[in-house]
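Asker: So here's work-v5.txt, just compact mmCIF, C-alpha atoms and all ligand atoms:
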# COMPACT_ATOMS: atom_id res chain seq x y z
CA THR A 1 13.64 -9.24 -2.32
CA ASP A 2 11.75 -6.59 -4.27
CA ARG A 3 10.25 -3.96 -2.01
CA TYR A 4 6.84 -2.33 -2.25
CA CYS A 5 4.86 -0.18 0.16
CA VAL A 6 1.79 1.94 0.71
CA PHE A 7 2.32 5.63 1.45
CA GLY A 8 -0.26 7.45 3.54
CA HIS A 9 -0.66 9.85 6.44
CA PRO A 10 -1.85 8.28 8.64
CA VAL A 11 -1.19 4.82 7.27
CA SER A 12 -1.21 2.38 10.21
CA HIS A 13 -4.89 1.49 9.51
CA SER A 14 -4.11 0.44 5.93
CA LYS A 15 -5.09 -3.09 4.93
CA SER A 16 -2.77 -3.05 1.92
CA PRO A 17 0.17 -4.83 3.62
CA VAL A 18 -2.09 -7.72 4.63
CA ILE A 19 -3.68 -7.92 1.18
CA HIS A 20 -0.37 -7.87 -0.70
CA ALA A 21 1.21 -10.40 1.65
CA ALA A 22 -1.71 -12.70 0.87
CA PHE A 23 -1.30 -12.10 -2.88
CA ALA A 24 2.44 -12.83 -2.66
CA GLU A 25 1.84 -16.07 -0.81
CA GLN A 26 -0.90 -17.10 -3.21
CA THR A 27 1.16 -16.44 -6.36
CA GLY A 28 4.58 -17.45 -4.99
CA GLU A 29 6.01 -14.00 -5.77
CA ALA A 30 8.93 -13.07 -3.50
CA LEU A 31 8.30 -9.54 -2.30
CA GLU A 32 8.13 -7.40 0.79
CA TYR A 33 5.29 -4.90 1.30
CA THR A 34 5.21 -2.39 4.15
CA ALA A 35 3.32 0.75 5.19
CA ILE A 36 5.21 4.05 5.25
CA GLU A 37 3.93 7.26 6.79
CA ALA A 38 5.37 10.02 4.60
CA PRO A 39 5.51 13.58 5.93
CA ARG A 40 2.58 15.66 4.67
CA ASP A 41 4.85 18.07 2.82
CA GLY A 42 7.47 15.54 1.78
CA PHE A 43 5.89 12.91 -0.40
CA ALA A 44 8.32 13.14 -3.34
CA GLY A 45 11.32 12.80 -1.01
CA ALA A 46 9.78 9.77 0.68
CA TRP A 47 9.29 8.05 -2.69
CA ARG A 48 12.88 8.84 -3.77
CA ALA A 49 14.28 7.49 -0.49
CA PHE A 50 12.20 4.35 -0.90
CA VAL A 51 13.56 3.82 -4.42
CA GLU A 52 17.13 4.33 -3.13
CA SER A 53 16.52 1.55 -0.62
CA GLY A 54 15.35 -0.92 -3.26
CA GLY A 55 11.70 0.07 -3.68
CA ARG A 56 10.17 -1.07 -6.96
CA GLY A 57 6.65 0.27 -6.62
CA ALA A 58 4.11 1.70 -4.23
CA ASN A 59 0.48 2.29 -3.51
CA VAL A 60 -0.55 5.77 -2.54
CA THR A 61 -3.46 6.68 -0.31
CA VAL A 62 -4.85 9.75 1.44
CA PRO A 63 -3.57 12.49 1.32
CA PHE A 64 -0.91 11.86 -1.35
CA LYS A 65 -2.74 10.81 -4.53
CA GLU A 66 -2.37 14.26 -6.12
CA ASP A 67 1.26 14.61 -4.97
CA ALA A 68 1.94 11.24 -6.57
CA TYR A 69 0.27 12.41 -9.78
CA ARG A 70 2.55 15.43 -9.91
CA LEU A 71 5.83 13.59 -9.38
CA CYS A 72 5.38 10.96 -12.09
CA ASP A 73 7.51 11.06 -15.24
CA THR A 74 4.79 9.29 -17.23
CA LEU A 75 1.10 8.61 -16.59
CA THR A 76 -1.43 6.16 -17.95
CA PRO A 77 -4.36 7.80 -19.74
CA ARG A 78 -6.73 6.82 -16.93
CA ALA A 79 -4.45 8.39 -14.30
CA GLU A 80 -4.19 11.51 -16.45
CA ARG A 81 -7.99 11.74 -16.46
CA ALA A 82 -8.32 10.98 -12.78
CA GLY A 83 -5.78 13.66 -11.82
CA ALA A 84 -4.60 11.24 -9.17
CA VAL A 85 -2.28 8.25 -8.85
CA ASN A 86 -2.66 5.30 -6.48
CA THR A 87 0.06 3.12 -8.02
CA LEU A 88 3.68 4.07 -8.63
CA ILE A 89 5.81 1.84 -10.81
CA LEU A 90 9.59 2.16 -11.01
CA GLU A 91 10.54 1.47 -14.61
CA ALA A 92 13.76 -0.21 -15.77
CA ASP A 93 15.22 3.16 -16.86
CA GLY A 94 14.61 4.65 -13.41
CA ARG A 95 11.60 6.73 -14.40
CA THR A 96 8.43 6.68 -12.32
CA ARG A 97 5.16 5.76 -14.01
CA GLY A 98 1.81 6.51 -12.39
CA ASP A 99 -1.47 4.69 -12.74
CA THR A 100 -4.74 4.57 -10.87
CA THR A 101 -6.36 1.20 -10.28
CA ASP A 102 -9.35 2.26 -8.17
CA GLY A 103 -11.77 2.30 -11.09
CA ALA A 104 -10.57 -1.03 -12.46
CA GLY A 105 -10.93 -2.43 -8.95
CA LEU A 106 -14.52 -1.18 -8.75
CA VAL A 107 -15.52 -2.42 -12.20
CA GLY A 108 -13.78 -5.76 -11.56
CA ASP A 109 -15.64 -6.16 -8.29
CA LEU A 110 -19.00 -5.42 -9.91
CA GLU A 111 -18.25 -7.97 -12.65
CA ARG A 112 -17.08 -10.55 -10.11
CA CYS A 113 -20.39 -10.10 -8.30
CA GLY A 114 -22.37 -10.62 -11.51
CA VAL A 115 -23.51 -7.00 -11.96
CA THR A 116 -23.94 -6.02 -15.62
CA LEU A 117 -22.72 -2.53 -16.45
CA ALA A 118 -23.10 -2.77 -20.24
CA GLY A 119 -26.36 -1.07 -21.18
CA ALA A 120 -27.17 -0.23 -17.57
CA ARG A 121 -28.56 3.07 -16.26
CA LEU A 122 -25.91 4.15 -13.79
CA LEU A 123 -26.13 6.70 -10.98
CA VAL A 124 -23.01 7.85 -9.17
CA LEU A 125 -23.37 9.85 -5.95
CA GLY A 126 -20.61 12.34 -5.22
CA ALA A 127 -18.29 14.45 -7.34
CA GLY A 128 -15.01 14.46 -5.40
CA GLY A 129 -11.68 12.84 -6.08
CA ALA A 130 -12.93 9.33 -5.35
CA VAL A 131 -15.59 9.62 -8.06
CA ARG A 132 -13.34 11.33 -10.60
CA GLY A 133 -10.93 8.41 -10.18
CA VAL A 134 -13.44 5.76 -11.25
CA LEU A 135 -15.38 7.44 -14.06
CA GLU A 136 -13.24 6.38 -17.00
CA PRO A 137 -13.34 2.62 -16.24
CA LEU A 138 -17.08 2.86 -15.47
CA LEU A 139 -17.75 4.52 -18.83
CA ALA A 140 -15.50 2.03 -20.61
CA ALA A 141 -17.81 -0.73 -19.34
CA GLY A 142 -20.49 0.65 -21.66
CA PRO A 143 -23.43 1.82 -19.55
CA ALA A 144 -26.47 3.22 -21.41
CA SER A 145 -26.11 6.37 -19.33
CA LEU A 146 -24.22 7.65 -16.30
CA HIS A 147 -25.66 10.40 -14.12
CA ILE A 148 -23.59 12.07 -11.40
CA ALA A 149 -25.52 13.55 -8.46
CA ASN A 150 -23.84 15.67 -5.82
CA ARG A 151 -24.71 17.90 -2.86
CA THR A 152 -22.97 20.72 -4.72
CA ALA A 153 -24.68 20.46 -8.10
CA ALA A 154 -22.15 22.58 -9.98
CA LYS A 155 -19.34 20.12 -9.14
CA ALA A 156 -21.36 17.26 -10.64
CA SER A 157 -22.08 19.22 -13.82
CA ALA A 158 -18.43 20.20 -14.22
CA LEU A 159 -17.27 16.64 -13.66
CA ALA A 160 -19.78 15.32 -16.20
CA ALA A 161 -18.50 17.85 -18.74
CA ASP A 162 -14.94 16.58 -18.24
CA PHE A 163 -15.96 13.04 -19.23
CA ARG A 164 -18.63 13.72 -21.86
CA ASP A 165 -16.36 12.55 -24.69
CA LEU A 166 -16.39 9.05 -23.17
CA GLY A 167 -20.14 8.45 -23.07
CA GLU A 168 -23.62 9.60 -22.11
CA VAL A 169 -22.74 11.52 -18.93
CA SER A 170 -24.82 14.09 -17.08
CA GLY A 171 -24.60 15.75 -13.68
CA GLY A 172 -26.68 17.74 -11.19
CA GLY A 173 -27.92 18.07 -7.64
CA PHE A 174 -29.67 15.45 -5.50
CA ASP A 175 -33.03 17.17 -6.05
CA ALA A 176 -32.78 16.63 -9.82
CA VAL A 177 -32.21 12.86 -9.68
CA GLU A 178 -34.70 10.98 -11.83
CA GLY A 179 -34.67 7.20 -11.65
CA PRO A 180 -35.00 4.39 -12.00
CA PHE A 181 -31.41 3.18 -12.12
CA ASP A 182 -29.95 -0.31 -12.49
CA VAL A 183 -26.76 0.44 -10.57
CA VAL A 184 -26.28 3.17 -7.94
CA ILE A 185 -22.75 3.76 -6.63
CA ASN A 186 -22.20 5.87 -3.51
CA GLY A 187 -18.88 7.70 -3.86
CA THR A 188 -19.64 10.45 -1.34
CA SER A 189 -17.90 10.51 2.00
CA ALA A 190 -21.34 10.88 3.65
CA SER A 191 -21.22 7.26 4.88
CA LEU A 192 -18.23 8.13 7.06
CA GLY A 193 -20.43 10.42 9.15
CA GLY A 194 -23.35 8.00 9.05
CA GLU A 195 -25.27 10.40 6.80
CA LEU A 196 -27.49 9.63 3.86
CA PRO A 197 -27.72 11.84 0.78
CA PRO A 198 -31.33 13.02 0.23
CA LEU A 199 -32.55 10.63 -2.47
CA PRO A 200 -35.97 9.81 -3.90
CA ASP A 201 -37.61 6.55 -2.77
CA ASP A 202 -38.14 5.24 -6.30
CA LEU A 203 -34.46 5.26 -7.21
CA PHE A 204 -34.00 1.57 -7.99
CA ALA A 205 -35.18 -0.43 -11.00
CA PRO A 206 -36.23 -4.04 -10.25
CA GLY A 207 -33.10 -6.11 -9.62
CA ALA A 208 -30.95 -3.01 -9.12
CA THR A 209 -27.62 -3.03 -7.30
CA ALA A 210 -26.50 -0.49 -4.71
CA TYR A 211 -22.73 -0.22 -4.20
CA ASP A 212 -21.01 1.79 -1.47
CA MET A 213 -17.34 2.57 -2.06
CA MET A 214 -17.03 2.61 1.75
CA TYR A 215 -17.05 -0.54 3.87
CA GLY A 216 -17.14 -1.54 7.50
CA ALA A 217 -18.09 -4.31 9.89
CA GLU A 218 -21.71 -3.20 9.54
CA PRO A 219 -23.54 -2.12 6.35
CA THR A 220 -23.37 1.64 5.72
CA VAL A 221 -26.52 3.76 6.11
CA PHE A 222 -26.72 4.01 2.33
CA LEU A 223 -26.69 0.22 1.93
CA ARG A 224 -29.28 -0.25 4.67
CA TRP A 225 -31.50 2.34 2.99
CA ALA A 226 -31.02 0.66 -0.41
CA SER A 227 -31.70 -2.80 0.96
CA GLU A 228 -35.00 -1.61 2.47
CA ARG A 229 -35.96 -0.44 -1.02
CA GLY A 230 -35.28 -3.79 -2.64
CA ALA A 231 -31.79 -3.32 -4.07
CA GLU A 232 -29.01 -5.89 -3.89
CA THR A 233 -26.17 -4.39 -1.86
CA LEU A 234 -22.37 -4.51 -2.09
CA ASP A 235 -19.80 -2.64 -0.03
CA GLY A 236 -16.38 -1.36 -1.06
CA LEU A 237 -14.21 -4.06 0.49
CA GLY A 238 -14.19 -5.86 -2.86
CA MET A 239 -13.09 -2.65 -4.57
CA LEU A 240 -10.25 -2.32 -2.05
CA VAL A 241 -8.98 -5.83 -2.74
CA GLY A 242 -9.66 -5.36 -6.46
CA GLN A 243 -7.55 -2.20 -6.78
CA ALA A 244 -4.77 -3.97 -4.88
CA ALA A 245 -4.95 -6.91 -7.30
CA GLU A 246 -4.70 -4.54 -10.27
CA SER A 247 -1.61 -2.88 -8.75
CA PHE A 248 -0.03 -6.27 -8.03
CA MET A 249 -0.67 -7.22 -11.65
CA LEU A 250 1.04 -4.04 -12.88
CA TRP A 251 4.13 -4.72 -10.76
CA ARG A 252 4.45 -8.48 -11.08
CA GLY A 253 2.56 -9.43 -14.25
CA VAL A 254 0.58 -12.03 -12.29
CA ARG A 255 -3.12 -11.70 -11.46
CA PRO A 256 -3.97 -12.76 -7.91
CA ASP A 257 -7.30 -14.29 -6.95
CA VAL A 258 -9.45 -11.62 -5.31
CA THR A 259 -12.21 -13.79 -3.84
CA ALA A 260 -10.09 -15.83 -1.44
CA VAL A 261 -8.33 -12.78 -0.01
CA LEU A 262 -11.60 -10.85 0.23
CA GLU A 263 -13.24 -13.60 2.24
CA SER A 264 -10.44 -13.79 4.79
CA LEU A 265 -10.23 -9.99 5.05
CA ARG A 266 -13.99 -9.80 5.64
CA ARG A 267 -13.62 -12.01 8.71
CA THR A 268 -11.18 -9.50 10.25
CA LEU A 269 -13.53 -6.46 10.05
P1 LIG B 1 -13.08 12.04 -1.82
O1 LIG B 1 -11.61 11.96 -2.09
O2 LIG B 1 -13.59 11.05 -0.81
O3 LIG B 1 -13.90 12.03 -3.06
P2 LIG B 1 -13.74 14.82 -1.65
O4 LIG B 1 -13.03 15.12 -2.92
O5 LIG B 1 -13.64 15.77 -0.50
O6 LIG B 1 -13.27 13.44 -1.06
O7 LIG B 1 -15.28 14.58 -1.99
C1 LIG B 1 -16.23 14.25 -1.02
C2 LIG B 1 -17.58 14.00 -1.69
O8 LIG B 1 -18.53 13.59 -0.71
C3 LIG B 1 -18.16 15.24 -2.35
O9 LIG B 1 -18.94 14.83 -3.44
C4 LIG B 1 -19.05 15.80 -1.23
O10 LIG B 1 -20.08 16.64 -1.67
P3 LIG B 1 -19.79 18.21 -1.98
O11 LIG B 1 -19.05 18.24 -3.29
O12 LIG B 1 -21.12 18.84 -2.07
O13 LIG B 1 -18.96 18.69 -0.84
C5 LIG B 1 -19.61 14.52 -0.68
N1 LIG B 1 -20.12 14.62 0.71
C6 LIG B 1 -19.38 14.74 1.83
N2 LIG B 1 -20.17 14.75 2.92
C7 LIG B 1 -21.45 14.65 2.48
C8 LIG B 1 -22.74 14.58 3.11
N3 LIG B 1 -22.86 14.65 4.44
N4 LIG B 1 -23.83 14.46 2.32
C9 LIG B 1 -23.71 14.39 0.99
N5 LIG B 1 -22.53 14.44 0.33
C10 LIG B 1 -21.42 14.56 1.06
Take the structure in the file and write it out as structure tokens.

Answerer:
Amino acid sequence: TDRYCVFGHPVSHSKSPVIHAAFAEQTGEALEYTAIEAPRDGFAGAWRAFVESGGRGANVTVPFKEDAYRLCDTLTPRAERAGAVNTLILEADGRTRGDTTDGAGLVGDLERCGVTLAGARLLVLGAGGAVRGVLEPLLAAGPASLHIANRTAAKASALAADFRDLGEVSGGGFDAVEGPFDVVINGTSASLGGELPPLPDDLFAPGATAYDMMYGAEPTVFLRWASERGAETLDGLGMLVGQAAESFMLWRGVRPDVTAVLESLRRTL
């Protein structure tokens, strides 16, 4: 049986084993998928040991996405841009290829939910690793414009500059946000602490969508705030299942059905 895993530290909370087991059952692919807690300073060794024991690929989560980026022999262009890797693929010649599927998972989830990105005015909140990782696929979807707003304005401006060759990208602080926007994506970790970035009340265009890359049993503060202002709301559980589906596709060449797995996962939150 081909072996796959997710590396993290900690990793016991990860939903990836459950998601990939469901994908395997759904597609009839024979594989084993486990969670491995790698030592903080020993990620490369953990990957090598996994390969020695029959590992064919892996997902990578906090705090190893940059370590994974550094150990790869080859990278996809989107992983190169992201500076981070969430999917390791063992190639036939023994080399390790790195990709990042978070952005494809996000864009796929938005499409699945009927949100149009082409021609849309897009606002992304946050300028950390999570946001950097999704910018290329978002820009490839053809928005009219993409503005990045962040607590630390200089980080948003610098990030925008890094992606300016891919589209109409700008960046700044929360105080400089000028709506309305058709799609607003929260990629800050503010939701974790139950905090809300300071945003103007007239952020949303009619029919706008608010997306939080976080998820939980209850809507995040950002989604509650957005809902009160008339936006349609989506949380990041679909992105989680979506990025897993993209990784599964890279390893197995088969595309699993996201919706069925998402619905059963939702019931376990
Ligand atoms: P991640 O991998 O989740 O992106 P990160 O690289 O540490 O983690 O980035 C965290 C992001 O959340 C940053 O954009 C951060 O803003 P700063 O760049 O100003 O630090 C943002 N963030 C974290 N807590 C926040 C809060 N309470 N309010 C607003 N933004 C917050």

Asker: Name the closest residue to ligand LIG 1 (chain B) among the candidates A:Ala30, A:Val183, A:Ala158, A:Ala104; distances are taken between atoms, counting only C-alpha atoms and all ligand atoms.

Answerer: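 Of A:Ala30, A:Val183, A:Ala158, A:Ala104, the one nearest ligand LIG 1 (chain B) is A:Ala158, counting only C-alpha atoms and all ligand atoms.
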
Asker: Please put the answer as lines of an AutoDock Vina configuration file: centre and edge lengths, in Å with one decimal, of a box along x, y and z that encloses all listed atoms of ligand LIG 1 (chain B) plus 6 Å on each side.

Answerer:
center_x = -17.7
center_y = 14.9
center_z = 0.5
size_x = 24.2
size_y = 19.8
size_z = 19.9

Asker: How close does chain A get to ligand LIG 1 (chain B)? List, as a tab-separated table, each residue of chain A within 8 Å, its nearest atom pair and the distance in Å to one decimal, counting all atoms listed in the file.

Answerer:
residue	atom	partner	partner_atom	distance
A:Val62	CA	B:LIG1	O1	7.9
A:Leu125	CA	B:LIG1	O9	7.1
A:Gly126	CA	B:LIG1	O9	3.5
A:Ala127	CA	B:LIG1	O9	4.0
A:Gly128	CA	B:LIG1	O4	3.2
A:Gly129	CA	B:LIG1	O3	3.8
A:Ala130	CA	B:LIG1	O3	3.7
A:Val131	CA	B:LIG1	O3	5.8
A:Arg132	CA	B:LIG1	O3	7.6
A:Asn150	CA	B:LIG1	O9	5.5
A:Arg151	CA	B:LIG1	O12	3.8
A:Thr152	CA	B:LIG1	O12	3.7
A:Ala153	CA	B:LIG1	O12	7.2
A:Lys155	CA	B:LIG1	O11	6.2
A:Ala156	CA	B:LIG1	O11	7.8
A:Gly187	CA	B:LIG1	O3	6.6
A:Thr188	CA	B:LIG1	O8	3.4
A:Ser189	CA	B:LIG1	O8	4.2
A:Ala190	CA	B:LIG1	C7	3.9
A:Ser191	CA	B:LIG1	N3	7.6
A:Gly193	CA	B:LIG1	N3	6.8
A:Glu195	CA	B:LIG1	N3	5.4
A:Leu196	CA	B:LIG1	N4	6.3
A:Pro197	CA	B:LIG1	C9	4.8
A:Pro198	CA	B:LIG1	C9	7.8

Asker: For CA of Leu237 (chain A) and CA of Ala44 (chain A), determine how far apart the two atoms are, in Å to one decimal place.

Answerer: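 Straight-line distance from CA of Leu237 (chain A) to CA of Ala44 (chain A) works out to 28.6 Å.
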
Asker: Pick from A:Ser264, A:Glu218, A:Ala244, A:Trp47: nearest to Ser14 (chain A), with all atoms listed in the file counted?

Answerer: A:Ala244
